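K.L.:
Have a look at this one before I ask anything.
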Amino acid sequence: MAPRRLKPDQITEMFRRFQAADPAPEGELDYVNPYTLLVAVVLSAQATDVGVNRATGPLFKFVDTPEKMVELGEAELISYIRTIGLYRMKARNVIALSQILIDRYGSEVPRDRAALEELPGVGRKTANVVLNIAFGEPTIAVDTHLFRLGNRTGLAPGKTPLEVELKLEKVVPPEYKRHAHHWLILHGRYVCKARKPECPRCLINDLCLFKEKTVSVP
DNA sequence: ATCCCGAGGG
DNA sequence: CCCTCTGGAT
């Protein structure tokens with residue numbers, strides 16, 4: 001069956017409300033510079049931001065450059081991030097990625113999608129987050145939250161994250177693109193949750209096309 | 001499609 | 001016990 005989708009004026013209204021409620025949304029991953037942001041996002045795969053911040057707090061206090069990370073080494077890095085899921089692969093990727101930044105990019109985080117996606121542990125979603133947060137570009141990173149909301153609300157239905165991203169690129173009004181990722185991710189994290197969406201206190205529940213919408217009982 | 005892989009919630 | 005959490009590589 002063809003997925004129902006919101007109309008342009010409804011989408012504009014949706015983002016108008018998001019902006020009114022939270023004019024300058026921010027991500028919840030802690031970082032001190034573009035490099036630590038990149039590391040934090042790599043570590044955040046299949047992990048909670050709280051869990052990532054707990055590990056990166058002590059780490060970034062001393063290790064905030066690619067050189068210091070390579071010097072720290074994989075085994076030591078693991079001692080910091082052992083409480084995060086998938087830590088072996090992540091530690092290996094962070095060390096390798098740091099060495100590549102030193103060798104090819106003068107220890108800077110490249111402001112370039114292709115260059116970012118060549119780094120181990122960095123895919124399209126991570127590259128989009130870095131471009132958006134570190135460099136202020138209007139990219140819309142589609143993670144598990146955006147993918148769910150795009151389909152559930154009718155904002156941008158798609159079978160894959162990339163499909164949802166390209167559709168968002170088309171339907172989100174230009175003036176809202178820069179913050180679309182943050183608004184949607186925060187909404188997905190606290191209100192439009194995967195398990196038990198709290199529709200009664202959702203500020204766009206009258207626009208949303210979710211069929212099993214929970215209704216408030218007066 | 002499957003693996004990686006710990007913490008927290010229900 | 002079950003599932004989910006700002007995925008990526010094979």
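Naming scheme: A, B, ... for chains in displayed order of the structure tokens; residues 1 onward per chain; ligands 1 onward as shown.
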Select residues of chain C: the criterion is any atom within 7 Å of an atom of chain A, counting only C-alpha atoms (C1' of nucleotides); output as a ChimeraX atom specification.
P.N.:
/C:5-8
K.L.:
Could the residues in this selection be written to a file with all heavy atoms, as a PDB file, in the first residue's frame?
P.N.:
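Result saved to again.pdb:
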ATOM      1  P    DC C   5      15.610   2.932  19.454  1.00  0.00           P
ATOM      2  OP1  DC C   5      14.664   4.054  19.347  1.00  0.00           O
ATOM      3  OP2  DC C   5      16.049   2.222  18.241  1.00  0.00           O
ATOM      4  O5'  DC C   5      16.904   3.446  20.212  1.00  0.00           O
ATOM      5  C5'  DC C   5      16.780   4.031  21.512  1.00  0.00           C
ATOM      6  C4'  DC C   5      18.158   4.173  22.126  1.00  0.00           C
ATOM      7  O4'  DC C   5      18.715   2.868  22.326  1.00  0.00           O
ATOM      8  C3'  DC C   5      19.146   4.958  21.253  1.00  0.00           C
ATOM      9  O3'  DC C   5      19.809   5.931  22.049  1.00  0.00           O
ATOM     10  C2'  DC C   5      20.119   3.874  20.788  1.00  0.00           C
ATOM     11  C1'  DC C   5      20.069   2.889  21.934  1.00  0.00           C
ATOM     12  N1   DC C   5      20.447   1.494  21.580  1.00  0.00           N
ATOM     13  C2   DC C   5      21.398   0.826  22.359  1.00  0.00           C
ATOM     14  O2   DC C   5      21.930   1.415  23.292  1.00  0.00           O
ATOM     15  N3   DC C   5      21.708  -0.459  22.050  1.00  0.00           N
ATOM     16  C4   DC C   5      21.093  -1.070  21.031  1.00  0.00           C
ATOM     17  N4   DC C   5      21.421  -2.333  20.774  1.00  0.00           N
ATOM     18  C5   DC C   5      20.121  -0.408  20.223  1.00  0.00           C
ATOM     19  C6   DC C   5      19.831   0.867  20.533  1.00  0.00           C
ATOM     20  P    DT C   6      19.605   7.503  21.603  1.00  0.00           P
ATOM     21  OP1  DT C   6      20.459   8.350  22.470  1.00  0.00           O
ATOM     22  OP2  DT C   6      18.159   7.678  21.540  1.00  0.00           O
ATOM     23  O5'  DT C   6      20.050   7.628  20.097  1.00  0.00           O
ATOM     24  C5'  DT C   6      21.350   7.419  19.631  1.00  0.00           C
ATOM     25  C4'  DT C   6      21.257   7.455  18.109  1.00  0.00           C
ATOM     26  O4'  DT C   6      20.911   8.813  17.751  1.00  0.00           O
ATOM     27  C3'  DT C   6      22.561   7.149  17.403  1.00  0.00           C
ATOM     28  O3'  DT C   6      22.274   6.590  16.119  1.00  0.00           O
ATOM     29  C2'  DT C   6      23.204   8.497  17.265  1.00  0.00           C
ATOM     30  C1'  DT C   6      22.003   9.414  17.077  1.00  0.00           C
ATOM     31  N1   DT C   6      22.213  10.744  17.661  1.00  0.00           N
ATOM     32  C2   DT C   6      22.881  11.690  16.919  1.00  0.00           C
ATOM     33  O2   DT C   6      23.296  11.473  15.818  1.00  0.00           O
ATOM     34  N3   DT C   6      23.039  12.895  17.548  1.00  0.00           N
ATOM     35  C4   DT C   6      22.619  13.262  18.794  1.00  0.00           C
ATOM     36  O4   DT C   6      22.820  14.388  19.244  1.00  0.00           O
ATOM     37  C5   DT C   6      21.917  12.220  19.532  1.00  0.00           C
ATOM     38  C7   DT C   6      21.402  12.494  20.893  1.00  0.00           C
ATOM     39  C6   DT C   6      21.761  11.045  18.927  1.00  0.00           C
ATOM     40  P    DG C   7      22.260   4.952  15.940  1.00  0.00           P
ATOM     41  OP1  DG C   7      21.102   4.620  15.121  1.00  0.00           O
ATOM     42  OP2  DG C   7      22.435   4.363  17.253  1.00  0.00           O
ATOM     43  O5'  DG C   7      23.577   4.620  15.097  1.00  0.00           O
ATOM     44  C5'  DG C   7      23.629   4.920  13.710  1.00  0.00           C
ATOM     45  C4'  DG C   7      25.027   4.627  13.229  1.00  0.00           C
ATOM     46  O4'  DG C   7      25.359   3.283  13.609  1.00  0.00           O
ATOM     47  C3'  DG C   7      25.189   4.711  11.721  1.00  0.00           C
ATOM     48  O3'  DG C   7      26.456   5.295  11.464  1.00  0.00           O
ATOM     49  C2'  DG C   7      25.076   3.271  11.261  1.00  0.00           C
ATOM     50  C1'  DG C   7      25.624   2.494  12.471  1.00  0.00           C
ATOM     51  N9   DG C   7      24.985   1.200  12.691  1.00  0.00           N
ATOM     52  C8   DG C   7      23.659   0.891  12.524  1.00  0.00           C
ATOM     53  N7   DG C   7      23.380  -0.341  12.837  1.00  0.00           N
ATOM     54  C5   DG C   7      24.599  -0.872  13.237  1.00  0.00           C
ATOM     55  C6   DG C   7      24.920  -2.177  13.690  1.00  0.00           C
ATOM     56  O6   DG C   7      24.172  -3.146  13.832  1.00  0.00           O
ATOM     57  N1   DG C   7      26.287  -2.288  13.995  1.00  0.00           N
ATOM     58  C2   DG C   7      27.203  -1.288  13.889  1.00  0.00           C
ATOM     59  N2   DG C   7      28.453  -1.578  14.232  1.00  0.00           N
ATOM     60  N3   DG C   7      26.906  -0.060  13.469  1.00  0.00           N
ATOM     61  C4   DG C   7      25.592   0.064  13.156  1.00  0.00           C
ATOM     62  P    DG C   8      27.001   5.376   9.928  1.00  0.00           P
ATOM     63  OP1  DG C   8      27.859   6.560   9.859  1.00  0.00           O
ATOM     64  OP2  DG C   8      25.874   5.231   8.991  1.00  0.00           O
ATOM     65  O5'  DG C   8      27.931   4.086   9.817  1.00  0.00           O
ATOM     66  C5'  DG C   8      29.012   3.965  10.728  1.00  0.00           C
ATOM     67  C4'  DG C   8      29.851   2.748  10.406  1.00  0.00           C
ATOM     68  O4'  DG C   8      29.143   1.560  10.799  1.00  0.00           O
ATOM     69  C3'  DG C   8      30.176   2.584   8.914  1.00  0.00           C
ATOM     70  O3'  DG C   8      31.568   2.337   8.797  1.00  0.00           O
ATOM     71  C2'  DG C   8      29.330   1.401   8.478  1.00  0.00           C
ATOM     72  C1'  DG C   8      29.187   0.604   9.768  1.00  0.00           C
ATOM     73  N9   DG C   8      27.957  -0.159   9.863  1.00  0.00           N
ATOM     74  C8   DG C   8      26.687   0.261   9.552  1.00  0.00           C
ATOM     75  N7   DG C   8      25.774  -0.656   9.772  1.00  0.00           N
ATOM     76  C5   DG C   8      26.477  -1.746  10.258  1.00  0.00           C
ATOM     77  C6   DG C   8      26.031  -3.021  10.663  1.00  0.00           C
ATOM     78  O6   DG C   8      24.879  -3.458  10.696  1.00  0.00           O
ATOM     79  N1   DG C   8      27.098  -3.827  11.093  1.00  0.00           N
ATOM     80  C2   DG C   8      28.405  -3.451  11.129  1.00  0.00           C
ATOM     81  N2   DG C   8      29.274  -4.347  11.557  1.00  0.00           N
ATOM     82  N3   DG C   8      28.839  -2.250  10.735  1.00  0.00           N
ATOM     83  C4   DG C   8      27.827  -1.456  10.320  1.00  0.00           C
TER      84       DG C   8
END
K.L.:
Could you build a table of the residues in chain B lying no more than 7 Å from chain A, giving for each the nearest pair of atoms and their separation in Å rounded to one decimal place, using only C-alpha atoms (C1' of nucleotides), ordered by chain and ascending residue number, as CSV?
P.N.:
residue,atom,partner,partner_atom,distance
B:DC4,C1',A:Leu86,CA,5.1
B:DC5,C1',A:Leu86,CA,4.5
B:DG6,C1',A:Gly85,CA,4.4
K.L.:
Per DSSP on the backbone, what are the helix (DSSP H, G or I) residues of segment 46-211 of chain A, as an MDAnalysis selection string?
P.N.:
chainID A and resid 49:62 66:72 74:81 87:104 113:118 124:135 144:153 161:171 174:190 199:201
K.L.:
Atom CA of Arg5 of chain A to atom CA of Leu155 of chain A: how many Å, to one decimal?
P.N.:
5.9 Å
K.L.:
Please provide the set of residues having any atom within 12 Å of DG10 of chain B, restricted to only C-alpha atoms (C1' of nucleotides), with same-chain residues fewer than 6 positions apart removed, written as a PyMOL selection string.
P.N.:
(chain A and resi 195-196) or (chain C and resi 1-4)
K.L.:
Which neighbours of Ile102 of chain A fall inside 9 Å, counting only C-alpha atoms (C1' of nucleotides), when residues of the same chain fewer than 6 positions from it are skipped, and could you give them as a ChimeraX atom specification?
P.N.:
/A:66-67,108
K.L.:
Restricting it to C-alpha atoms, dump the selection as an mmCIF file, in the first residue's frame.
P.N.:
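Written out: selection-v9.cif:
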data_model
loop_
_atom_site.group_PDB
_atom_site.id
_atom_site.type_symbol
_atom_site.label_atom_id
_atom_site.label_comp_id
_atom_site.auth_asym_id
_atom_site.auth_seq_id
_atom_site.Cartn_x
_atom_site.Cartn_y
_atom_site.Cartn_z
ATOM 1 C CA PRO A 66 44.523 12.816 16.525
ATOM 2 C CA GLU A 67 48.167 12.822 17.674
ATOM 3 C CA GLU A 108 42.164 18.493 10.721
#
